[in-house]
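Right, one structure below, let's go through it.
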Amino acid sequence: MANDSFALSYAPPRDVSRSLIAEIAFVALLLMMFVGLSPFAPPPSPTGVNMAAPAPGDALRQIVFLAIFFPLLFASTLQRGWDVFRVVPFALIAMLAWCFFSIGWSGAPDVSLRRAALATIVVISTIASVDLIGGPRAFFLWRIVLAVILAVNWLSIPLIETAVHLPGEVDPSLIGDWRGLYGQKNTAGAVCVLTALLFLFSRNGRGNWIGWLAAAASLGFLLMTRSKTSMALFPVALMAGLAYKISWRDSLSRAIFLCGAILITGIASFLLLLNWDLALRLLADPASFTGRAEIWQAILAYMHDHPLLGAGFGTMAHTGTLSPLHNYARGNWVETIADSHNGYLQILATTGGIGLFLALLAMVADPLYRFWPLEPARTGLKALLFAIFVFVLLHNFLETDFLESDNSLWFAFLVMLASLKTRDISLTLRP
């Protein structure tokens with residue numbers, strides 16, 4: 001798979017990207033996103049916890065992100081002046097601005113302000129750091145960090161008790177699933193997919209044997225997590241990247257691919273309509289999708305009464321009785337949820353229909369516009385970016401990644417956006 005046209009260049013980027021400040025900041029971002037402040041900590045029990053208080057680690061996490069942001073901002077302004085903010089796609093700036101506007105009607109304005117500010121800091125830090133150090137260097141450092149994490153995860157299974165979900169979990173079905181240094185198996189599974197994609201779509205040694213071994217080890221760990229969402233989406237993302245690589249060689253191939261994609265989408269939509277009653281029964285059953293359907297029902301009921309503005313950015317999780325869903329669900333489980341298990345519905349619930357529209361512009365329409373051009377020198381890299389794009393978009397139908405400040409898939413999505421926008425990211429083709 002990793003032939004010459006998939007090979008990411010290891011050539012040194014421009015001089016400013018060699019800045020020690022920029023590289024240290026980028027590695028710090030990687031560690032925050034993929035390791036966090038409390039690796040191997042068991043997932044917190046939702047009982048007996050004051051969920052109205054800030055989420056655990058919020059204050060320290062904000063301090064760390066600020067410590068990363070200001071040096072990056074300093075290094076970026078030395079290179080670009082105040083044009084540094086132009087590296088962030090305009091559609092994403094508009095979405096972040098709407099998150100701040102939502103503070104005006106938020107039921108927990110302090111929470112909305114804090115989380116909107118943190119989301120903005122993470123977006124600017126990630127995109128500016130990729131712009132500073134250069135795409136090839138960023139992907140090289142990213143792969144190193146993921147390889148180390150993969151090794152640590154494997155070593156932790158026999159050595160660290162909490163690397164596996166233990167008896168006493170709120171959800172008994174999790175017992176025995178591997179999670180490595182992460183708090184939950186689904187996070188571990190998503191990181192395994194990212195690791196496999198980054199190593200499969202790049203050259204790491206003659207014939208990419210290093211990449212194949214790393215991907216095999218990552219997929220082996222993924223299987224042991226039993227993360228159904230990530231296991232189902234990995235082949236879809238992989239095939240999407242390969243299809244992009246094959247189809248974006250010329251206009252005819254691209255047109256054939258688009259016709260095929262439209263045909264498949266039409267068939268899938270037709271089959272869904274034929275089984276519409278079954279789909280409605282699944283969504284009406286609170287136990288469907290491992291309990292996610294109950295959360296989705298509450299969100300849709302809330303949005304029926306608040307279609308445009310939503311409840312205010314960041315008010316879905318860790319807000320206790322202030323949760324916007326508190327009066328739309330049976331029981332008090334909404335006071336303990338960490339997210340909605342659907343990134344699109346969470347944006348809808350917290351920023352309203354207007355926010356969802358802006359989010360779709362920033363996270364779907366704008367990237368698709370940048371994927372459209374035929375760029376032979378960048379096709380190999382864009383195939384990897386397209387695989388990440390498809391994986392994160394589909395992952396958000398069952399999990400929540402968008403605009404989550406310390407989420408690994410959100411970080412991956414931002415790196416993808418930065419790489420699409422930065423024009424000097426190139427590929428090295430072996431003669």
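Labels used: A, B, ... for chains in the order of the structure tokens, numbers from 1 for residues in each chain, and numbers from 1 for ligands as shown.
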Check which residues of range 234-353 of chain A sit at most 10 Å from range 179-198 of chain A using only C-alpha atoms, and return one row each with the closest pair of atoms and their distance in Å to one decimal, ordered by chain and rising number, as JSON lines.
{"residue": "A:Phe234", "atom": "CA", "partner": "A:Val193", "partner_atom": "CA", "distance": 6.1}
{"residue": "A:Pro235", "atom": "CA", "partner": "A:Val193", "partner_atom": "CA", "distance": 9.5}
{"residue": "A:Ala237", "atom": "CA", "partner": "A:Leu197", "partner_atom": "CA", "distance": 8.4}
{"residue": "A:Leu238", "atom": "CA", "partner": "A:Leu197", "partner_atom": "CA", "distance": 7.0}
{"residue": "A:Gly241", "atom": "CA", "partner": "A:Leu197", "partner_atom": "CA", "distance": 9.1}
Could you give me, as a count of residues only, the residues within 9 Å of Thr400 in chain A, counting only C-alpha atoms and dropping anything in the same chain fewer than 4 positions from it?
12
DSSP on the backbone, alpha helix (DSSP H) only: what residues of range 37-266 of chain A does that give? Format it as JSON, numbers by chain.
{"A": [58, 59, 60, 61, 62, 63, 64, 65, 66, 67, 68, 69, 70, 71, 72, 73, 74, 75, 76, 77, 78, 79, 80, 90, 91, 92, 93, 94, 95, 96, 97, 98, 99, 100, 101, 109, 110, 111, 112, 113, 114, 115, 116, 117, 118, 119, 120, 121, 122, 123, 124, 125, 126, 127, 128, 129, 130, 131, 132, 133, 135, 136, 137, 138, 139, 140, 141, 142, 143, 144, 145, 146, 147, 148, 149, 150, 151, 152, 153, 154, 155, 156, 157, 158, 159, 185, 186, 187, 188, 189, 190, 191, 192, 193, 194, 195, 196, 197, 198, 199, 200, 209, 210, 211, 212, 213, 214, 215, 216, 217, 218, 219, 220, 221, 222, 223, 224, 225, 228, 229, 230, 231, 232, 233, 234, 235, 236, 237, 238, 239, 240, 241, 242, 243, 244, 245, 246, 247, 251, 252, 253, 254, 255, 256, 257, 258, 259, 260, 261, 262, 263, 264, 265, 266]}
Could you list, as a PyMOL selection string, every residue within 12 Å of Pro367 in chain A, counting only C-alpha atoms and ignoring same-chain residues fewer than 2 positions away?
chain A and resi 89-92+359-365+369-373+382+385-386+388-390+393+413-421
Select, from A:Leu394, A:Asp110, A:Leu374, A:Ala151, the residue with the minimum atom-to-atom distance to Ala255 in chain A, counting only C-alpha atoms.
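Answer, going by the shortest atom-to-atom distance: A:Leu374.
Residue nearest Gly314 in chain A, chosen from A:Leu159, A:Leu271, A:Leu118, A:Ala75 and counting only C-alpha atoms: A:Leu118.
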Residues at most 10 Å from Asn327 in chain A, counting only C-alpha atoms, excluding those fewer than 6 positions away in the same chain, as an NGL selection string?
:A and (298 or 301-302 or 321 or 334)
Go ahead and dump the residues you just picked, N, CA and C atoms, as a tab-separated table (two decimals), in the first residue's frame.
chain	number	residue	atom	x	y	z
A	298	ALA	N	-33.52	12.80	23.89
A	298	ALA	CA	-33.60	13.98	24.75
A	298	ALA	C	-33.13	15.23	24.00
A	301	ALA	N	-35.78	16.30	21.50
A	301	ALA	CA	-36.91	16.91	22.19
A	301	ALA	C	-36.56	18.33	22.61
A	302	TYR	N	-35.35	18.54	23.10
A	302	TYR	CA	-34.91	19.89	23.48
A	302	TYR	C	-34.88	20.81	22.26
A	321	THR	N	-27.27	19.99	37.22
A	321	THR	CA	-28.68	20.36	37.04
A	321	THR	C	-28.86	21.46	36.00
A	334	VAL	N	-28.74	12.61	32.82
A	334	VAL	CA	-28.18	13.70	32.02
A	334	VAL	C	-27.20	14.55	32.83
With distances taken over only C-alpha atoms, which residue among A:Val27, A:Ile264, A:Ile337, A:Leu242 lies nearest Phe140 in chain A?
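Comparing A:Val27, A:Ile264, A:Ile337, A:Leu242 against Phe140 in chain A, the winner is A:Val27.
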Nearest to Ile347 in chain A, chosen from A:Glu375, A:Asp177, A:Glu161, A:Asp401, with only C-alpha atoms counted in the distances:
A:Asp401
I want to know what sits within 8 Å of range 350-356 of chain A, based on only C-alpha atoms, with residues of the same chain fewer than 3 positions away left out; could you give that as a list in words?
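Residues near the query, excluding close chain neighbours: Met95, Trp98, Cys99, Ser102, Met303, His306, Pro307, Leu308, Leu309, Gly310, Ala311, Gly312, Phe313, Gly314, Thr315, Met316, Tyr344, Gln346, Ile347, Ala359 and Leu360 of chain A.
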Just-selected residues, N, CA and C atoms written as a CSV table (one decimal), in the first residue's frame:
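See selection-v8.csv below for the written result:
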chain,number,residue,atom,x,y,z
A,95,MET,N,-17.4,29.7,13.1
A,95,MET,CA,-18.0,28.8,14.0
A,95,MET,C,-17.6,29.1,15.4
A,98,TRP,N,-19.4,32.1,16.7
A,98,TRP,CA,-20.8,31.8,17.2
A,98,TRP,C,-20.8,31.1,18.5
A,99,CYS,N,-19.8,30.3,18.8
A,99,CYS,CA,-19.6,29.7,20.1
A,99,CYS,C,-19.6,30.8,21.2
A,102,SER,N,-22.9,32.5,21.7
A,102,SER,CA,-23.9,31.7,22.5
A,102,SER,C,-23.8,31.9,24.0
A,303,MET,N,-34.3,20.3,21.1
A,303,MET,CA,-34.2,21.1,20.0
A,303,MET,C,-35.6,21.5,19.3
A,306,HIS,N,-36.1,24.6,21.0
A,306,HIS,CA,-35.0,25.6,20.9
A,306,HIS,C,-34.3,25.4,19.6
A,307,PRO,N,-35.0,25.6,18.4
A,307,PRO,CA,-34.4,25.2,17.2
A,307,PRO,C,-33.2,26.0,16.7
A,308,LEU,N,-33.1,27.3,17.0
A,308,LEU,CA,-32.1,28.1,16.4
A,308,LEU,C,-30.9,28.4,17.2
A,309,LEU,N,-31.0,28.6,18.5
A,309,LEU,CA,-29.9,29.1,19.3
A,309,LEU,C,-29.2,28.0,20.1
A,310,GLY,N,-29.9,27.0,20.6
A,310,GLY,CA,-29.4,26.0,21.5
A,310,GLY,C,-29.2,26.5,22.9
A,311,ALA,N,-28.5,25.7,23.7
A,311,ALA,CA,-28.4,26.0,25.1
A,311,ALA,C,-27.1,26.8,25.5
A,312,GLY,N,-26.2,27.0,24.6
A,312,GLY,CA,-24.9,27.6,24.9
A,312,GLY,C,-23.8,26.7,24.8
A,313,PHE,N,-22.7,27.1,24.2
A,313,PHE,CA,-21.6,26.2,23.9
A,313,PHE,C,-21.0,25.6,25.2
A,314,GLY,N,-20.8,24.3,25.1
A,314,GLY,CA,-20.1,23.6,26.2
A,314,GLY,C,-21.0,23.3,27.4
A,315,THR,N,-22.3,23.4,27.3
A,315,THR,CA,-23.2,23.2,28.4
A,315,THR,C,-23.7,21.8,28.5
A,316,MET,N,-23.3,20.9,27.6
A,316,MET,CA,-23.8,19.5,27.6
A,316,MET,C,-23.2,18.7,28.7
A,344,TYR,N,-22.6,15.9,15.9
A,344,TYR,CA,-23.5,16.8,15.2
A,344,TYR,C,-24.7,17.2,16.1
A,346,GLN,N,-24.6,17.2,19.4
A,346,GLN,CA,-24.1,18.0,20.5
A,346,GLN,C,-23.9,19.5,20.0
A,347,ILE,N,-23.4,19.7,18.8
A,347,ILE,CA,-23.3,21.0,18.3
A,347,ILE,C,-24.7,21.6,18.1
A,359,ALA,N,-21.0,24.9,11.5
A,359,ALA,CA,-20.1,23.7,11.7
A,359,ALA,C,-20.0,22.9,10.5
A,360,LEU,N,-21.2,22.7,9.8
A,360,LEU,CA,-21.1,21.9,8.5
A,360,LEU,C,-20.3,22.6,7.5
Nearest candidate to Ala128 in chain A (options A:Ile246, A:Val87, A:Leu398, A:Ala163; using only C-alpha atoms)
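Closest to Ala128 in chain A, using only C-alpha atoms: A:Val87.
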What gap, in Å, lies between CA of Ser247 in chain A and CA of Asn208 in chain A?
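Spanning CA of Ser247 in chain A to CA of Asn208 in chain A is a straight-line distance of 22.8 Å.
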